[in-house]
Amino acid sequence: AAGPEDSKARAPFYVTTPIYYVNDKPHIGHAYTTVACDTLARFHRLDGRRARLVTGTDEHGQKVEQSAAKAGVAPLEFADGVSANFRDLASLLECTYDDFIRTTEPRHRDAVHLMWRTMEEKGFIYKGAYEGWYSVRDEAFYTEAELVDGKAPTGADVAWVSEPSYFFKLTAFQEPLLELYRTQPDFIMPQGRRNEMVRFVEGGLTDLSISRTAFKWGIPVPGDDEHVIYVWLDALTNYLTACGYDVTDLDKLRAGTAEGGESAVWP
């Protein structure tokens, strides 16, 4: 009979590089993370596990829109060129990726829309207005207390933003997250990062602004084209897109009997 170690060896392993942002050319940091993730995937394949490695590019947001304007081209044309550079980097490094995902692809838009509708149906999204400091470079909002000498903690410039926004009820997840960290101590690793995250959540969460109206280069909010979905909600969903999150008949796909076969949903 198969023992625990045999079961572990057969368990699927999923690893992704960061979703690379296309506002500029690849650099040594991108090469490092690509090689590190490829090494993990190769090791687990040699260890007898099904391993899936995904990489790709994050192509929406105000920073990309501004970079494209500076280059004198449309945002998608700009993203096409830079995304190709990242694909070339992966090939140059002989990265054995199973999927290269772009957030401008229709399959990803569909997955993001499904994610939005699911959160909306569960009552975790509401419409309001946002006022606060925003950094275009970081694609992030900051509170007054987080500013350092009038700049973001990263050193980026910030500007005061006031606009309508949809919000995600992040506050509803404070206690569930802390319970998760208590019951699954290895959910976040290494230990130092886990402790850091626990302290952060214990300090209190605030609801998250998840849409923008100040620019148009992004995935529109379902049913409200005046808003585009906040770039990080869009980008981070790619890790689910690459596993077939937007597919409705998962049983057929797992059985390999639906269009797209086994690779369309994983594991």
# chains A, B, ... in the order shown; residues from 1 in each chain; ligands from 1

call {"tool": "residues_around", "arguments": {"residues": "stretch 149-153 of chain A", "least_positions_apart": "4", "cutoff": "9 Å", "atoms": "only C-alpha atoms", "output": "ChimeraX atom specification"}}
result
/A:133-135,138,141-142,144,157-158

call {"tool": "residues_around", "arguments": {"residues": "A:Thr57", "least_positions_apart": "5", "cutoff": "9 Å", "atoms": "only C-alpha atoms", "output": "list in words"}}
result
Pro18, Ile19, Tyr20, Tyr21, Val22, Ala79, Val82, Ser83, Phe86, Arg87, Phe100, Ile101, Arg102, Thr103, Thr104 and Ala235 of chain A

call {"tool": "closest_residue", "arguments": {"among": "A:Arg193, A:Arg212, A:Arg199, A:His113", "to": "A:Asn238", "atoms": "only C-alpha atoms"}}
result
A:His113

call {"tool": "select_by_dssp", "arguments": {"residues": "stretch 7-38 of chain A", "states": "strand (DSSP E or B)", "output": "compact mmCIF listing (two decimals) with N, CA, C and O atoms, in the first residue's frame"}}
result
# COMPACT_ATOMS: atom_id res chain seq x y z
N PHE A 13 2.28 20.03 -7.90
CA PHE A 13 3.02 21.17 -7.38
C PHE A 13 2.86 22.32 -8.37
O PHE A 13 3.11 22.17 -9.57
N TYR A 14 2.45 23.48 -7.86
CA TYR A 14 2.21 24.65 -8.71
C TYR A 14 3.13 25.78 -8.28
O TYR A 14 3.16 26.15 -7.10
N VAL A 15 3.90 26.33 -9.21
CA VAL A 15 4.81 27.43 -8.89
C VAL A 15 4.71 28.48 -9.99
O VAL A 15 4.57 28.15 -11.17
N THR A 16 4.75 29.74 -9.59
CA THR A 16 4.69 30.82 -10.57
C THR A 16 5.82 31.81 -10.30
O THR A 16 6.23 32.00 -9.15
N TYR A 20 5.23 39.75 -14.28
CA TYR A 20 6.16 40.84 -14.55
C TYR A 20 5.46 42.04 -15.18
O TYR A 20 4.67 41.90 -16.11
N TYR A 21 5.77 43.22 -14.67
CA TYR A 21 5.13 44.45 -15.12
C TYR A 21 5.84 44.99 -16.37
O TYR A 21 7.07 44.99 -16.44

call {"tool": "closest_residue", "arguments": {"among": "A:Asp58, A:Glu131, A:Glu139, A:Glu94", "to": "A:Asp24", "atoms": "only C-alpha atoms"}}
result
A:Asp58

call {"tool": "select_by_dssp", "arguments": {"residues": "stretch 89-218 of chain A", "states": "helix (DSSP H, G or I)", "output": "short mmCIF file (atom, residue, chain, number, x, y, z; two decimals) with N, CA and C atoms, in the first residue's frame"}}
result
data_model
loop_
_atom_site.label_atom_id
_atom_site.label_comp_id
_atom_site.auth_asym_id
_atom_site.auth_seq_id
_atom_site.Cartn_x
_atom_site.Cartn_y
_atom_site.Cartn_z
N LEU A 89 13.28 36.45 -22.73
CA LEU A 89 14.13 36.19 -21.57
C LEU A 89 13.92 34.76 -21.06
N ALA A 90 12.66 34.34 -20.95
CA ALA A 90 12.37 32.99 -20.47
C ALA A 90 12.98 31.94 -21.40
N SER A 91 12.91 32.19 -22.70
CA SER A 91 13.49 31.24 -23.67
C SER A 91 15.01 31.24 -23.57
N LEU A 92 15.60 32.41 -23.42
CA LEU A 92 17.06 32.52 -23.30
C LEU A 92 17.56 31.75 -22.09
N PRO A 106 -8.01 37.57 -23.61
CA PRO A 106 -9.44 37.38 -23.30
C PRO A 106 -9.69 36.38 -22.18
N ARG A 107 -8.92 35.30 -22.13
CA ARG A 107 -9.15 34.29 -21.08
C ARG A 107 -8.92 34.88 -19.69
N HIS A 108 -7.97 35.81 -19.60
CA HIS A 108 -7.73 36.43 -18.30
C HIS A 108 -8.82 37.43 -17.96
N ARG A 109 -9.25 38.21 -18.93
CA ARG A 109 -10.37 39.14 -18.70
C ARG A 109 -11.59 38.38 -18.19
N ASP A 110 -11.88 37.23 -18.79
CA ASP A 110 -13.04 36.44 -18.37
C ASP A 110 -12.87 35.96 -16.92
N ALA A 111 -11.65 35.55 -16.57
CA ALA A 111 -11.41 35.08 -15.20
C ALA A 111 -11.56 36.22 -14.20
N VAL A 112 -11.07 37.40 -14.53
CA VAL A 112 -11.19 38.56 -13.64
C VAL A 112 -12.65 38.95 -13.47
N HIS A 113 -13.40 38.93 -14.56
CA HIS A 113 -14.83 39.24 -14.46
C HIS A 113 -15.56 38.22 -13.58
N LEU A 114 -15.18 36.95 -13.70
CA LEU A 114 -15.80 35.93 -12.86
C LEU A 114 -15.45 36.17 -11.39
N MET A 115 -14.20 36.51 -11.12
CA MET A 115 -13.78 36.81 -9.75
C MET A 115 -14.59 37.99 -9.19
N TRP A 116 -14.73 39.04 -10.00
CA TRP A 116 -15.48 40.23 -9.56
C TRP A 116 -16.93 39.87 -9.25
N ARG A 117 -17.57 39.17 -10.18
CA ARG A 117 -18.99 38.82 -9.99
C ARG A 117 -19.17 37.94 -8.77
N THR A 118 -18.24 37.02 -8.54
CA THR A 118 -18.33 36.14 -7.39
C THR A 118 -18.25 36.94 -6.09
N MET A 119 -17.30 37.87 -6.00
CA MET A 119 -17.18 38.70 -4.81
C MET A 119 -18.40 39.59 -4.63
N GLU A 120 -18.92 40.09 -5.74
CA GLU A 120 -20.10 40.95 -5.70
C GLU A 120 -21.32 40.18 -5.19
N GLU A 121 -21.51 38.96 -5.71
CA GLU A 121 -22.65 38.13 -5.30
C GLU A 121 -22.58 37.76 -3.82
N GLU A 144 -1.91 58.85 5.13
CA GLU A 144 -1.05 59.96 5.56
C GLU A 144 0.06 59.45 6.48
N ALA A 145 -0.28 58.49 7.34
CA ALA A 145 0.70 57.98 8.30
C ALA A 145 1.81 57.18 7.62
N GLU A 146 1.53 56.66 6.44
CA GLU A 146 2.55 55.85 5.75
C GLU A 146 3.54 56.69 4.96
N LEU A 170 -12.32 44.10 2.83
CA LEU A 170 -11.18 43.39 3.40
C LEU A 170 -11.32 43.24 4.91
N THR A 171 -12.02 44.19 5.56
CA THR A 171 -12.19 44.14 7.01
C THR A 171 -12.93 42.87 7.45
N ALA A 172 -13.74 42.31 6.55
CA ALA A 172 -14.49 41.10 6.90
C ALA A 172 -13.58 39.88 7.02
N PHE A 173 -12.35 39.99 6.58
CA PHE A 173 -11.45 38.84 6.54
C PHE A 173 -10.37 38.88 7.63
N GLN A 174 -10.41 39.87 8.50
CA GLN A 174 -9.36 39.96 9.52
C GLN A 174 -9.33 38.73 10.41
N GLU A 175 -10.45 38.41 11.05
CA GLU A 175 -10.47 37.25 11.95
C GLU A 175 -10.32 35.93 11.20
N PRO A 176 -10.98 35.73 10.03
CA PRO A 176 -10.76 34.49 9.28
C PRO A 176 -9.28 34.28 8.90
N LEU A 177 -8.59 35.37 8.54
CA LEU A 177 -7.17 35.24 8.19
C LEU A 177 -6.34 34.84 9.41
N LEU A 178 -6.60 35.49 10.54
CA LEU A 178 -5.84 35.16 11.74
C LEU A 178 -6.10 33.71 12.17
N GLU A 179 -7.33 33.26 12.01
CA GLU A 179 -7.65 31.86 12.33
C GLU A 179 -6.91 30.91 11.39
N LEU A 180 -6.83 31.28 10.11
CA LEU A 180 -6.09 30.48 9.14
C LEU A 180 -4.62 30.37 9.54
N TYR A 181 -4.02 31.50 9.92
CA TYR A 181 -2.60 31.49 10.31
C TYR A 181 -2.38 30.65 11.57
N ARG A 182 -3.37 30.65 12.47
CA ARG A 182 -3.23 29.87 13.71
C ARG A 182 -3.34 28.37 13.44
N THR A 183 -4.29 28.00 12.59
CA THR A 183 -4.54 26.57 12.37
C THR A 183 -3.62 25.96 11.32
N GLN A 191 9.11 31.53 8.49
CA GLN A 191 8.49 31.92 9.74
C GLN A 191 8.52 33.42 9.96
N GLY A 192 9.63 34.05 9.61
CA GLY A 192 9.75 35.49 9.81
C GLY A 192 8.71 36.27 9.05
N ARG A 193 8.44 35.86 7.80
CA ARG A 193 7.41 36.53 7.00
C ARG A 193 6.02 36.25 7.55
N ARG A 194 5.82 35.01 8.06
CA ARG A 194 4.52 34.69 8.67
C ARG A 194 4.27 35.60 9.86
N ASN A 195 5.26 35.76 10.72
CA ASN A 195 5.11 36.62 11.90
C ASN A 195 4.81 38.06 11.49
N GLU A 196 5.50 38.52 10.45
CA GLU A 196 5.28 39.87 9.96
C GLU A 196 3.84 40.05 9.47
N MET A 197 3.32 39.06 8.75
CA MET A 197 1.95 39.15 8.24
C MET A 197 0.93 39.08 9.36
N VAL A 198 1.17 38.23 10.34
CA VAL A 198 0.25 38.12 11.49
C VAL A 198 0.17 39.47 12.20
N ARG A 199 1.32 40.09 12.45
CA ARG A 199 1.32 41.40 13.13
C ARG A 199 0.59 42.45 12.31
N PHE A 200 0.77 42.39 10.98
CA PHE A 200 0.11 43.35 10.11
C PHE A 200 -1.41 43.21 10.20
N VAL A 201 -1.90 41.98 10.11
CA VAL A 201 -3.35 41.76 10.15
C VAL A 201 -3.91 42.07 11.52
N GLU A 202 -3.18 41.72 12.57
CA GLU A 202 -3.63 42.03 13.93
C GLU A 202 -3.75 43.54 14.14
#

call {"tool": "closest_residue", "arguments": {"among": "A:Ala156, A:Leu53, A:Ala41, A:Cys95", "to": "A:Tyr239", "atoms": "only C-alpha atoms"}}
result
A:Leu53

call {"tool": "closest_residue", "arguments": {"among": "A:Pro164, A:Pro220, A:Asp38, A:Asn23", "to": "A:Lys70", "atoms": "only C-alpha atoms"}}
result
A:Asn23
